[in-house]
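Next comes coords.cif, a file with mmCIF, C-alpha atoms.
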data_run
loop_
_atom_site.label_atom_id
_atom_site.label_comp_id
_atom_site.auth_asym_id
_atom_site.auth_seq_id
_atom_site.Cartn_x
_atom_site.Cartn_y
_atom_site.Cartn_z
CA MET T 127 147.09 64.93 74.83
CA CYS T 128 145.64 67.30 72.28
CA PRO T 129 148.40 69.63 70.98
CA ASP T 130 146.32 72.73 71.74
CA ALA T 131 145.47 71.67 75.29
CA LEU T 132 147.04 73.54 78.21
CA PRO T 133 149.02 71.58 80.81
CA LEU T 134 147.11 71.16 84.05
CA GLU T 135 149.50 73.37 85.98
CA SER T 136 148.91 76.22 83.50
CA ASP T 137 145.11 76.00 83.65
CA PRO T 138 143.77 79.09 85.55
CA LEU T 139 140.89 77.04 86.91
CA HIS T 140 143.38 74.79 88.73
CA ASN T 141 146.06 77.31 89.62
CA ALA T 142 145.15 79.50 92.59
CA THR T 143 148.34 81.56 92.36
CA SER T 144 147.72 82.64 88.76
CA ASN T 145 144.04 83.43 89.39
CA PRO T 146 143.59 84.64 92.97
CA LYS T 147 140.03 84.92 94.27
CA PRO T 148 138.69 88.47 94.18
CA VAL T 149 138.28 90.26 97.49
CA LEU T 150 134.59 90.99 97.98
CA SER T 151 132.99 93.34 100.46
CA PHE T 152 129.40 92.98 101.63
CA HIS T 153 127.21 95.32 103.64
CA LEU T 154 123.98 94.32 105.35
CA LEU T 155 121.13 96.79 105.65
CA ARG T 156 119.50 96.65 109.06
CA GLY T 157 115.82 97.11 109.84
CA GLU T 158 116.22 100.44 111.62
CA SER T 159 118.18 102.03 108.77
CA LEU T 160 115.56 100.81 106.31
CA ARG T 161 112.77 102.31 108.38
CA ILE T 162 114.58 105.65 108.54
CA ALA T 163 115.19 105.58 104.78
CA ALA T 164 111.53 104.77 104.15
CA THR T 165 110.36 107.82 106.11
CA GLU T 166 112.78 110.08 104.25
CA THR T 167 112.04 108.73 100.76
CA ARG T 168 109.17 110.05 98.65
CA THR T 169 108.45 108.71 95.20
CA ASP T 170 108.83 111.63 92.79
CA TRP T 171 106.54 110.15 90.17
CA LEU T 172 107.12 110.91 86.51
CA TRP T 173 103.57 109.73 85.74
CA LYS T 174 101.88 109.19 89.07
CA GLY T 175 101.20 105.55 89.80
CA TYR T 176 102.65 104.29 86.52
CA LEU T 177 106.20 105.60 86.02
CA ALA T 178 108.60 106.01 88.94
CA PRO T 179 112.25 107.12 88.85
CA GLY T 180 114.63 104.18 88.98
CA CYS T 181 111.88 101.69 88.12
CA MET T 182 110.72 99.66 85.14
CA THR T 183 107.14 99.54 83.87
CA MET T 184 105.83 96.94 81.42
CA PHE T 185 102.97 98.25 79.26
CA THR T 186 101.04 95.49 77.49
CA GLY T 187 98.06 95.56 75.16
CA GLN T 188 96.79 94.19 71.90
CA TRP T 189 98.19 95.63 68.69
CA LYS T 190 96.37 98.70 67.25
CA LEU T 191 94.74 99.29 70.65
CA GLY T 192 96.38 102.68 71.19
CA LYS T 193 99.46 101.91 73.29
CA THR T 194 101.86 104.07 71.26
CA THR T 195 99.24 106.82 71.10
CA LEU T 196 99.15 106.82 74.90
CA VAL T 197 102.97 106.99 74.94
CA ALA T 198 102.89 109.94 72.52
CA LEU T 199 100.40 111.80 74.72
CA LEU T 200 102.62 111.08 77.74
CA LEU T 201 105.56 112.65 75.89
CA SER T 202 103.41 115.67 75.10
CA ARG T 203 102.55 116.17 78.79
CA MET T 204 106.22 115.87 79.77
CA ALA T 205 107.00 119.11 77.92
CA ALA T 206 105.67 121.27 80.78
CA GLY T 207 103.91 118.84 83.10
CA GLY T 208 100.19 118.13 83.18
CA GLU T 209 97.77 115.25 83.54
CA LEU T 210 97.06 112.06 81.59
CA ALA T 211 94.31 109.52 82.32
CA GLY T 212 93.58 111.31 85.57
CA GLN T 213 97.17 111.09 86.89
CA ALA T 214 99.73 113.87 87.21
CA VAL T 215 102.68 113.93 84.77
CA ARG T 216 105.93 115.68 85.72
CA GLN T 217 108.07 117.68 83.32
CA GLY T 218 111.05 115.76 81.99
CA LYS T 219 113.17 114.56 79.09
CA ALA T 220 112.68 111.29 77.24
CA ALA T 221 114.26 109.02 74.66
CA VAL T 222 112.16 106.65 72.57
CA ILE T 223 113.53 103.56 70.84
CA SER T 224 110.86 102.70 68.26
CA ASP T 225 110.29 99.94 65.74
CA GLU T 226 108.17 102.30 63.63
CA SER T 227 109.20 104.65 60.83
CA PRO T 228 110.07 108.34 61.30
CA GLU T 229 107.13 109.20 59.04
CA LEU T 230 104.62 107.75 61.51
CA TRP T 231 106.25 109.61 64.38
CA HIS T 232 106.20 112.83 62.38
CA LEU T 233 102.39 112.58 62.31
CA ARG T 234 102.25 111.85 66.06
CA VAL T 235 104.49 114.79 66.89
CA GLN T 236 102.15 117.10 64.97
CA GLN T 237 98.93 115.64 66.34
CA CYS T 238 100.06 115.49 69.97
CA ASP T 239 102.16 118.68 69.85
CA ILE T 240 105.34 117.04 71.17
CA GLY T 241 108.24 119.43 71.76
CA ASN T 242 112.02 119.12 71.69
CA HIS T 243 112.27 117.57 75.15
CA PHE T 244 112.44 114.07 73.67
CA GLY T 245 114.70 112.22 71.27
CA LEU T 246 113.65 109.49 68.84
CA LEU T 247 115.68 106.56 67.54
CA CYS T 248 113.75 104.67 64.86
CA ARG T 249 114.76 101.15 63.84
CA PRO T 250 118.39 101.41 65.02
CA PHE T 251 119.23 97.85 63.92
CA ARG T 252 119.02 96.01 60.66
CA GLY T 253 117.01 93.06 61.82
CA GLN T 254 117.12 91.49 65.26
CA PRO T 255 120.15 92.67 67.24
CA VAL T 256 122.71 90.42 68.87
CA LEU T 257 123.57 90.92 72.54
CA GLN T 258 126.61 93.10 71.79
CA GLU T 259 124.50 95.44 69.65
CA TRP T 260 121.85 95.69 72.36
CA GLN T 261 124.48 96.51 74.96
CA ALA T 262 125.94 99.15 72.63
CA LEU T 263 122.49 100.77 72.45
CA ILE T 264 122.29 100.86 76.25
CA ASP T 265 125.80 102.38 76.34
CA PHE T 266 124.54 105.12 74.04
CA LEU T 267 121.51 105.80 76.26
CA VAL T 268 123.66 105.91 79.40
CA ARG T 269 125.97 108.48 77.75
CA LEU T 270 122.93 110.47 76.64
CA HIS T 271 121.64 110.45 80.21
CA ASP T 272 124.99 111.63 81.56
CA GLU T 273 125.30 114.41 78.98
CA GLU T 274 121.72 115.70 78.68
CA GLY T 275 119.70 114.01 81.44
CA LEU T 276 116.95 111.49 80.79
CA ASP T 277 113.86 111.01 82.91
CA LEU T 278 112.31 108.34 80.68
CA VAL T 279 113.47 105.69 78.23
CA VAL T 280 110.78 103.98 76.15
CA ILE T 281 111.40 100.64 74.41
CA ASP T 282 108.60 100.19 71.85
CA SER T 283 108.34 97.30 71.43
CA LEU T 284 110.50 94.80 73.32
CA ALA T 285 110.07 92.01 70.75
CA SER T 286 111.74 94.14 68.06
CA PHE T 287 114.90 94.80 70.07
CA MET T 288 115.33 91.70 72.21
CA PRO T 289 118.68 90.04 71.37
CA GLY T 290 117.98 86.73 69.71
CA GLY T 291 114.23 87.33 69.79
CA ASN T 292 113.50 84.34 72.04
CA GLU T 293 110.85 85.72 74.39
CA ASN T 294 110.23 82.33 76.00
CA SER T 295 113.82 81.93 77.20
CA ALA T 296 114.36 83.07 80.77
CA ALA T 297 118.10 83.44 80.15
CA SER T 298 117.54 85.59 77.03
CA MET T 299 115.02 87.74 78.86
CA LEU T 300 117.43 88.31 81.75
CA ALA T 301 120.21 89.20 79.31
CA THR T 302 117.88 91.80 77.78
CA LEU T 303 116.64 93.33 81.01
CA SER T 304 119.88 93.40 83.00
CA PRO T 305 121.55 96.15 80.90
CA LEU T 306 118.45 98.35 81.40
CA GLN T 307 119.26 98.41 85.11
CA ARG T 308 122.17 100.71 84.27
CA LEU T 309 119.53 103.32 83.38
CA THR T 310 117.31 102.74 86.40
CA GLU T 311 120.34 102.94 88.70
CA LYS T 312 120.84 106.48 87.40
CA GLY T 313 117.25 107.35 88.32
CA ALA T 314 115.62 107.09 84.91
CA SER T 315 112.22 105.45 84.38
CA VAL T 316 112.10 102.67 81.79
CA LEU T 317 108.85 101.95 79.95
CA ILE T 318 108.82 98.61 78.11
CA VAL T 319 106.00 98.27 75.58
CA HIS T 320 105.16 94.62 75.05
CA HIS T 321 102.74 92.48 73.07
CA PRO T 322 100.13 90.16 74.67
CA ARG T 323 99.58 86.45 74.39
CA ARG T 324 97.24 85.35 71.64
CA LYS T 325 94.88 83.64 74.04
CA GLN T 326 92.83 85.31 76.73
CA SER T 327 94.88 85.52 79.93
CA ALA T 328 94.30 86.42 83.55
CA ALA T 329 95.18 89.87 84.84
CA GLY T 330 98.92 90.26 85.34
CA GLN T 331 99.67 87.45 82.87
CA VAL T 332 98.76 89.14 79.60
CA GLY T 333 102.34 89.70 78.40
CA ARG T 334 103.69 86.91 76.24
CA GLY T 335 106.93 85.03 76.78
CA SER T 336 108.96 84.22 79.87
CA GLY T 337 107.64 85.12 83.30
CA VAL T 338 111.01 86.75 84.02
CA LEU T 339 109.74 90.00 82.47
CA PRO T 340 106.66 90.60 84.68
CA ALA T 341 108.61 89.33 87.69
CA THR T 342 111.47 91.78 87.09
CA VAL T 343 109.59 95.00 86.39
CA ASP T 344 108.14 97.11 89.20
CA ILE T 345 104.81 98.02 87.62
CA LEU T 346 102.59 96.04 85.25
CA LEU T 347 100.22 98.16 83.16
CA GLU T 348 97.72 96.39 80.88
CA MET T 349 95.40 98.05 78.37
CA ASP T 350 92.31 96.34 76.98
CA TRP T 351 89.19 97.13 74.99
CA TYR T 352 86.25 98.42 76.98
CA GLN T 353 83.85 96.43 74.81
CA ARG T 354 85.34 93.88 72.44
CA GLY T 355 84.07 94.04 68.89
CA ASP T 356 83.10 97.73 69.01
CA ASP T 357 85.70 99.55 66.89
CA ASP T 358 84.00 102.92 67.44
CA ASP T 359 84.29 102.74 71.24
CA ARG T 360 87.12 105.06 72.29
CA ARG T 361 87.15 103.83 75.89
CA ARG T 362 89.91 101.62 77.22
CA ARG T 363 90.44 99.68 80.45
CA LEU T 364 93.71 100.14 82.31
CA ARG T 365 94.59 97.44 84.83
CA ALA T 366 97.77 97.62 86.90
CA ALA T 367 99.76 95.60 89.42
CA SER T 368 102.50 97.39 91.29
CA ARG T 369 104.95 97.51 94.16
CA PHE T 370 103.49 100.93 95.03
CA ARG T 371 100.26 101.83 96.79
CA GLU T 372 99.76 104.93 94.65
CA THR T 373 99.21 102.92 91.47
CA PRO T 374 95.54 102.91 90.36
CA ARG T 375 94.63 99.25 90.06
CA ARG T 376 91.67 99.59 87.71
CA GLN T 377 90.42 102.54 85.77
CA VAL T 378 88.55 103.35 82.58
CA CYS T 379 89.85 106.08 80.30
CA GLU T 380 88.62 107.49 77.00
CA TRP T 381 90.60 108.69 74.02
CA THR T 382 89.09 112.04 73.11
CA ALA T 383 87.71 112.67 69.63
CA ASP T 384 90.47 115.17 68.77
CA GLY T 385 93.09 112.53 69.65
CA ARG T 386 94.91 114.83 72.08
CA ASP T 387 94.00 113.31 75.44
CA TYR T 388 93.07 110.22 77.42
CA ARG T 389 90.61 111.37 80.08
CA THR T 390 89.68 109.24 83.04
CA LEU T 391 86.15 107.93 83.58
CA GLY T 392 86.95 106.60 87.05
CA ASP T 393 87.68 103.08 88.24
CA PHE T 394 85.90 100.01 86.86
CA GLN T 395 83.18 100.10 89.51
CA GLU T 396 82.61 103.83 89.11
CA ASP T 397 82.17 103.43 85.37
CA ALA T 398 79.83 100.45 85.82
CA PHE T 399 77.79 102.41 88.37
CA THR T 400 77.47 105.35 85.95
CA GLN T 401 76.30 103.01 83.18
CA ASN T 402 73.71 101.25 85.34
CA TRP T 403 72.50 103.89 87.78
CA ALA T 404 69.50 104.88 85.64
CA ILE T 405 68.23 101.28 85.58
CA LEU T 406 68.85 100.76 89.29
CA ARG T 407 66.96 103.97 90.02
CA ILE T 408 63.97 102.74 88.01
CA VAL T 409 63.78 99.62 90.21
CA LEU T 410 63.93 101.65 93.41
CA GLU T 411 61.43 104.22 92.12
CA ASP T 412 58.87 101.51 91.36
CA ALA T 413 59.32 99.79 94.74
CA MET T 414 56.47 99.87 97.28
CA ARG T 415 58.82 99.23 100.20
CA LYS T 416 62.49 98.85 101.06
CA LEU T 417 64.16 96.18 98.92
CA LYS T 418 66.80 93.58 99.65
CA ARG T 419 69.47 92.94 97.06
CA ARG T 420 67.80 89.68 95.98
CA GLU T 421 64.51 91.51 95.47
CA ILE T 422 66.22 94.18 93.37
CA LEU T 423 67.61 91.49 91.09
CA GLU T 424 64.18 89.86 90.81
CA GLN T 425 62.63 93.17 89.78
CA TRP T 426 65.35 94.10 87.28
CA PRO T 427 63.67 95.30 84.02
CA PRO T 428 63.56 92.46 81.46
CA ASP T 429 64.61 94.83 78.68
CA TYR T 430 68.10 95.13 80.18
CA PRO T 431 70.72 92.41 80.80
CA ARG T 432 70.43 91.19 84.38
CA PRO T 433 73.68 91.77 86.32
CA ASP T 434 75.19 89.40 88.84
CA ALA T 435 74.54 89.83 92.57
CA VAL T 436 78.08 91.06 93.35
CA SER T 437 77.87 93.86 90.75
CA VAL T 438 74.52 95.01 92.13
CA TRP T 439 75.98 95.05 95.64
CA HIS T 440 78.88 97.27 94.44
CA TRP T 441 76.47 99.68 92.74
CA LEU T 442 74.20 99.86 95.78
CA GLU T 443 77.11 100.57 98.11
CA ARG T 444 78.41 103.26 95.79
CA GLY T 445 74.95 104.82 95.68
CA VAL T 446 74.82 104.77 99.48
CA SER T 447 78.26 106.39 99.79
CA ARG T 448 77.11 109.20 97.47
CA GLY T 449 73.90 109.77 99.36
CA LEU T 450 71.76 108.71 96.40
CA ILE T 451 70.40 105.61 98.16
CA GLN T 452 69.29 105.03 101.76
CA ARG T 453 70.08 101.79 103.60
CA ASP T 454 69.22 100.04 106.85
CA GLY T 455 69.84 96.59 108.30
CA ALA T 456 72.98 95.03 109.67
CA GLY T 457 74.08 93.12 106.59
CA ARG T 458 73.67 89.79 108.37
CA ARG T 459 71.57 86.80 107.42
CA ASN T 460 69.00 87.61 110.07
CA ALA T 461 69.02 91.33 109.30
CA PRO T 462 69.96 91.90 105.64
CA PHE T 463 70.55 95.32 104.15
CA ARG T 464 67.51 97.01 102.62
CA TYR T 465 67.70 99.87 100.13
CA TRP T 466 65.37 102.69 99.09
CA LEU T 467 65.22 106.23 97.70
CA ALA T 468 64.66 109.03 100.20
CA GLU T 469 61.89 110.60 98.10
CA ARG T 470 59.99 107.30 98.03
CA MET T 471 59.95 107.15 101.82
CA GLU T 472 57.95 110.40 101.95
CA GLN T 473 55.32 108.85 99.69
CA TRP T 474 55.23 105.53 101.58
CA LYS T 475 54.57 107.23 104.90
CA LYS T 476 51.28 108.56 103.52
CA ASP T 477 50.05 104.98 103.08
CA PRO T 478 48.76 103.39 106.34
CA MET T 479 49.51 99.90 105.00
CA TYR T 480 53.19 100.76 104.62
CA VAL T 481 53.48 101.54 108.32
CA PHE T 482 51.90 98.19 109.13
CA VAL T 483 54.13 96.25 106.71
CA GLU T 484 57.25 98.00 107.95
CA GLN T 485 56.41 97.18 111.56
CA GLU T 486 55.79 93.55 110.62
CA GLU T 487 59.22 93.37 108.98
CA LYS T 488 60.88 94.76 112.10
CA ASP T 489 59.03 92.20 114.27
CA ARG T 490 60.31 89.36 112.09
CA GLU T 491 63.89 90.62 112.40
CA ILE T 492 63.53 90.69 116.19
CA LEU T 493 62.23 87.10 116.17
CA ARG T 494 65.13 85.98 113.98
CA GLU T 495 67.65 87.59 116.31
CA THR T 496 65.95 86.11 119.40
CA LEU T 497 65.01 82.59 118.26
CA GLY T 498 67.57 82.00 115.54
CA GLU T 499 67.16 81.31 111.82
CA ASP T 500 66.74 77.54 112.26
CA PHE T 501 63.68 77.97 114.46
CA PHE T 502 62.30 80.79 112.35
CA GLY T 503 62.79 79.07 109.01
CA GLY T 504 59.88 76.61 109.21
CA GLY T 505 56.10 76.70 109.49
CA VAL T 506 54.09 79.87 109.16
CA PHE T 507 56.97 82.09 110.13
CA GLY T 508 59.10 80.64 107.35
CA GLU T 509 56.46 81.18 104.70
CA ARG T 510 55.94 84.79 105.75
CA ALA T 511 59.71 85.41 105.97
CA ARG T 512 60.22 84.27 102.42
#
Would you encode the structure as structure tokens?
Amino acid sequence: MCPDALPLESDPLHNATSNPKPVLSFHLLRGESLRIAATETRTDWLWKGYLAPGCMTMFTGQWKLGKTTLVALLLSRMAAGGELAGQAVRQGKAAVISDESPELWHLRVQQCDIGNHFGLLCRPFRGQPVLQEWQALIDFLVRLHDEEGLDLVVIDSLASFMPGGNENSAASMLATLSPLQRLTEKGASVLIVHHPRRKQSAAGQVGRGSGVLPATVDILLEMDWYQRGDDDDRRRRLRAASRFRETPRRQVCEWTADGRDYRTLGDFQEDAFTQNWAILRIVLEDAMRKLKRREILEQWPPDYPRPDAVSVWHWLERGVSRGLIQRDGAGRRNAPFRYWLAERMEQWKKDPMYVFVEQEEKDREILRETLGEDFFGGGVFGERAR
């Protein structure tokens, strides 16, 4: 036997009397109590849709894209409450753990007019921390919360403060995230700023490293360029995945020229509609009759990039919902939707041929409904239908 080895009877793993099993107590939550709690609970958003009390949010985007600028503007709004990127921001206190220098933050504080409601801890470690140092930092933040109150803790960026720095290790990632739950359990929001993968990735998978991180957090927020390669474009795309219905899934925002705001331009489809409405209107203005979606695509001006059929459908439906475009048809194969401008209809009615053509189209739809597409698709009827 090795001289330093313990005798078997002295080994706590083999001696039940020297190491009694702990007495554990468990409590099951039942469906009815959960339903009652759900009706009584309202999410008191810190930043509506993106930061919730007691929850973690992962904010990912390419370097130099404007992530920290957005964080600085969020801190500015938290001084008295306000709005950022179209979403309400509640008043609150914050602590920011940053891998940048105090000099850079001094410029941000001046530009964004950030008050004394937040505290800043720049580069608290000399190099990559070990687990004990990371836990000591969380201890400090917990004490700060207990003494002064914290509504938000920002970790910018995770790679700089992750113990060991191994982002691909699930165990290391869990060891990093678990201490942060001490803050969320006290009702604070935790915003984790993270870097993306080098290669293009699908939505919700942009963050690099272990999948433990996106699986653990409650809200995924991803920022991307509006148009890649255009450094002068101040617009950004925000895409989110969330446990909450209130989270905007897709929106476009723009960093204002004075650098003091991110204003919303609407969701992706709204922005695309705004960009393409003038071209779509040209097609409908030049039409001599109601047009199907396929016909609109065929008549798209050659000077502009031709969109795909799904995008055109989204724009047409948005135009209909706004009252800019008229529509008839049932949206079925035998009776497809047709679109037109109301002012064009007044002009068409003055043309006797239009009345004849319109009646002929209605007769064909009746034949399709009565005889079926297979019968109607051949011979003379088929040629005229096409």
Legend entry - Nearby residues, (69.8, 96.4, 93.8) file frame, 7 Å, all atoms listed in the file, as a list of chain:residue names: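 Result, sorted by chain then residue number: T:Leu406, T:Arg419, T:Ile422, T:Leu423, T:Val438, T:Trp439, T:Leu442.
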The PyMOL selection byres ((chain T and resi 215-218) around 12) resolved against shown file, as an mmCIF file with C-alpha atoms, in the coordinates of the input:
data_model
loop_
_atom_site.group_PDB
_atom_site.id
_atom_site.type_symbol
_atom_site.label_atom_id
_atom_site.label_comp_id
_atom_site.auth_asym_id
_atom_site.auth_seq_id
_atom_site.Cartn_x
_atom_site.Cartn_y
_atom_site.Cartn_z
ATOM 1 C CA ASP T 170 108.830 111.630 92.790
ATOM 2 C CA TRP T 171 106.540 110.150 90.170
ATOM 3 C CA LEU T 172 107.120 110.910 86.510
ATOM 4 C CA TRP T 173 103.570 109.730 85.740
ATOM 5 C CA LYS T 174 101.880 109.190 89.070
ATOM 6 C CA GLY T 175 101.200 105.550 89.800
ATOM 7 C CA TYR T 176 102.650 104.290 86.520
ATOM 8 C CA LEU T 177 106.200 105.600 86.020
ATOM 9 C CA ALA T 178 108.600 106.010 88.940
ATOM 10 C CA PRO T 179 112.250 107.120 88.850
ATOM 11 C CA LEU T 199 100.400 111.800 74.720
ATOM 12 C CA LEU T 200 102.620 111.080 77.740
ATOM 13 C CA LEU T 201 105.560 112.650 75.890
ATOM 14 C CA SER T 202 103.410 115.670 75.100
ATOM 15 C CA ARG T 203 102.550 116.170 78.790
ATOM 16 C CA MET T 204 106.220 115.870 79.770
ATOM 17 C CA ALA T 205 107.000 119.110 77.920
ATOM 18 C CA ALA T 206 105.670 121.270 80.780
ATOM 19 C CA GLY T 207 103.910 118.840 83.100
ATOM 20 C CA GLY T 208 100.190 118.130 83.180
ATOM 21 C CA GLU T 209 97.770 115.250 83.540
ATOM 22 C CA LEU T 210 97.060 112.060 81.590
ATOM 23 C CA ALA T 211 94.310 109.520 82.320
ATOM 24 C CA GLY T 212 93.580 111.310 85.570
ATOM 25 C CA GLN T 213 97.170 111.090 86.890
ATOM 26 C CA ALA T 214 99.730 113.870 87.210
ATOM 27 C CA LYS T 219 113.170 114.560 79.090
ATOM 28 C CA ALA T 220 112.680 111.290 77.240
ATOM 29 C CA ALA T 221 114.260 109.020 74.660
ATOM 30 C CA GLY T 241 108.240 119.430 71.760
ATOM 31 C CA ASN T 242 112.020 119.120 71.690
ATOM 32 C CA HIS T 243 112.270 117.570 75.150
ATOM 33 C CA PHE T 244 112.440 114.070 73.670
ATOM 34 C CA GLY T 245 114.700 112.220 71.270
ATOM 35 C CA HIS T 271 121.640 110.450 80.210
ATOM 36 C CA GLU T 274 121.720 115.700 78.680
ATOM 37 C CA GLY T 275 119.700 114.010 81.440
ATOM 38 C CA LEU T 276 116.950 111.490 80.790
ATOM 39 C CA ASP T 277 113.860 111.010 82.910
ATOM 40 C CA LEU T 278 112.310 108.340 80.680
ATOM 41 C CA VAL T 279 113.470 105.690 78.230
ATOM 42 C CA ALA T 314 115.620 107.090 84.910
ATOM 43 C CA SER T 315 112.220 105.450 84.380
#
Legend entry - Selection dump of the PyMOL selection byres ((chain T and resi 197) around 10), as a PyMOL selection string: chain T and resi 185+192-196+198-203+222+280+282+317+319
Legend entry - CA of Asp357 (chain T) to CA of Val378 (chain T), distance in Å rounded to a single decimal: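 That distance, rounded to one decimal, is 16.4 Å.
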Legend entry - Residue with smallest distance to Ile345 (chain T) - pool T:Arg375, T:Arg389, T:Arg323, T:His153, counting all atoms listed in the file: T:Arg375
Skipping near chain neighbours, those fewer than 2 positions away, what residues fall within 12 Å of Leu339 (chain T) using only C-alpha atoms, listed as a PDB file with C-alpha atoms, in the frame of the given file?
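So selection.pdb came out as:
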ATOM      1  CA  MET T 182     110.720  99.660  85.140  1.00  0.00           C
ATOM      2  CA  THR T 183     107.140  99.540  83.870  1.00  0.00           C
ATOM      3  CA  MET T 184     105.830  96.940  81.420  1.00  0.00           C
ATOM      4  CA  PHE T 185     102.970  98.250  79.260  1.00  0.00           C
ATOM      5  CA  THR T 186     101.040  95.490  77.490  1.00  0.00           C
ATOM      6  CA  LEU T 284     110.500  94.800  73.320  1.00  0.00           C
ATOM      7  CA  ALA T 285     110.070  92.010  70.750  1.00  0.00           C
ATOM      8  CA  MET T 288     115.330  91.700  72.210  1.00  0.00           C
ATOM      9  CA  GLU T 293     110.850  85.720  74.390  1.00  0.00           C
ATOM     10  CA  ASN T 294     110.230  82.330  76.000  1.00  0.00           C
ATOM     11  CA  SER T 295     113.820  81.930  77.200  1.00  0.00           C
ATOM     12  CA  ALA T 296     114.360  83.070  80.770  1.00  0.00           C
ATOM     13  CA  ALA T 297     118.100  83.440  80.150  1.00  0.00           C
ATOM     14  CA  SER T 298     117.540  85.590  77.030  1.00  0.00           C
ATOM     15  CA  MET T 299     115.020  87.740  78.860  1.00  0.00           C
ATOM     16  CA  LEU T 300     117.430  88.310  81.750  1.00  0.00           C
ATOM     17  CA  ALA T 301     120.210  89.200  79.310  1.00  0.00           C
ATOM     18  CA  THR T 302     117.880  91.800  77.780  1.00  0.00           C
ATOM     19  CA  LEU T 303     116.640  93.330  81.010  1.00  0.00           C
ATOM     20  CA  SER T 304     119.880  93.400  83.000  1.00  0.00           C
ATOM     21  CA  ILE T 318     108.820  98.610  78.110  1.00  0.00           C
ATOM     22  CA  VAL T 319     106.000  98.270  75.580  1.00  0.00           C
ATOM     23  CA  HIS T 320     105.160  94.620  75.050  1.00  0.00           C
ATOM     24  CA  HIS T 321     102.740  92.480  73.070  1.00  0.00           C
ATOM     25  CA  GLY T 330      98.920  90.260  85.340  1.00  0.00           C
ATOM     26  CA  GLN T 331      99.670  87.450  82.870  1.00  0.00           C
ATOM     27  CA  VAL T 332      98.760  89.140  79.600  1.00  0.00           C
ATOM     28  CA  GLY T 333     102.340  89.700  78.400  1.00  0.00           C
ATOM     29  CA  ARG T 334     103.690  86.910  76.240  1.00  0.00           C
ATOM     30  CA  GLY T 335     106.930  85.030  76.780  1.00  0.00           C
ATOM     31  CA  SER T 336     108.960  84.220  79.870  1.00  0.00           C
ATOM     32  CA  GLY T 337     107.640  85.120  83.300  1.00  0.00           C
ATOM     33  CA  ALA T 341     108.610  89.330  87.690  1.00  0.00           C
ATOM     34  CA  THR T 342     111.470  91.780  87.090  1.00  0.00           C
ATOM     35  CA  VAL T 343     109.590  95.000  86.390  1.00  0.00           C
ATOM     36  CA  ASP T 344     108.140  97.110  89.200  1.00  0.00           C
ATOM     37  CA  ILE T 345     104.810  98.020  87.620  1.00  0.00           C
ATOM     38  CA  LEU T 346     102.590  96.040  85.250  1.00  0.00           C
TER      39      LEU T 346
END
Legend entry - Gap from CA of Leu410 (chain T) to CA of Glu396 (chain T) - Å, one decimal: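 It comes out at 19.3 Å.
The coordinates place CA of Glu259 (chain T) at 9.6 Å from CA of Phe287 (chain T).
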Legend entry - Exercise: Ile451 (chain T) partners within 12 Å, all atoms listed in the file, chain neighbours under 2 positions left out, as a ChimeraX atom specification: /T:403,406-407,409-411,416-417,441-449,453-454,463-471
I'd like the box whose edges run along x, y and z of the file and which contains every listed atom of region 386-404 of chain T, padded by 6 Å per side; could you state its centre and edge lengths in Å, one decimal, as AutoDock Vina command-line options?
--center_x 82.2 --center_y 107.4 --center_z 80.8 --size_x 37.4 --size_y 26.8 --size_z 29.4
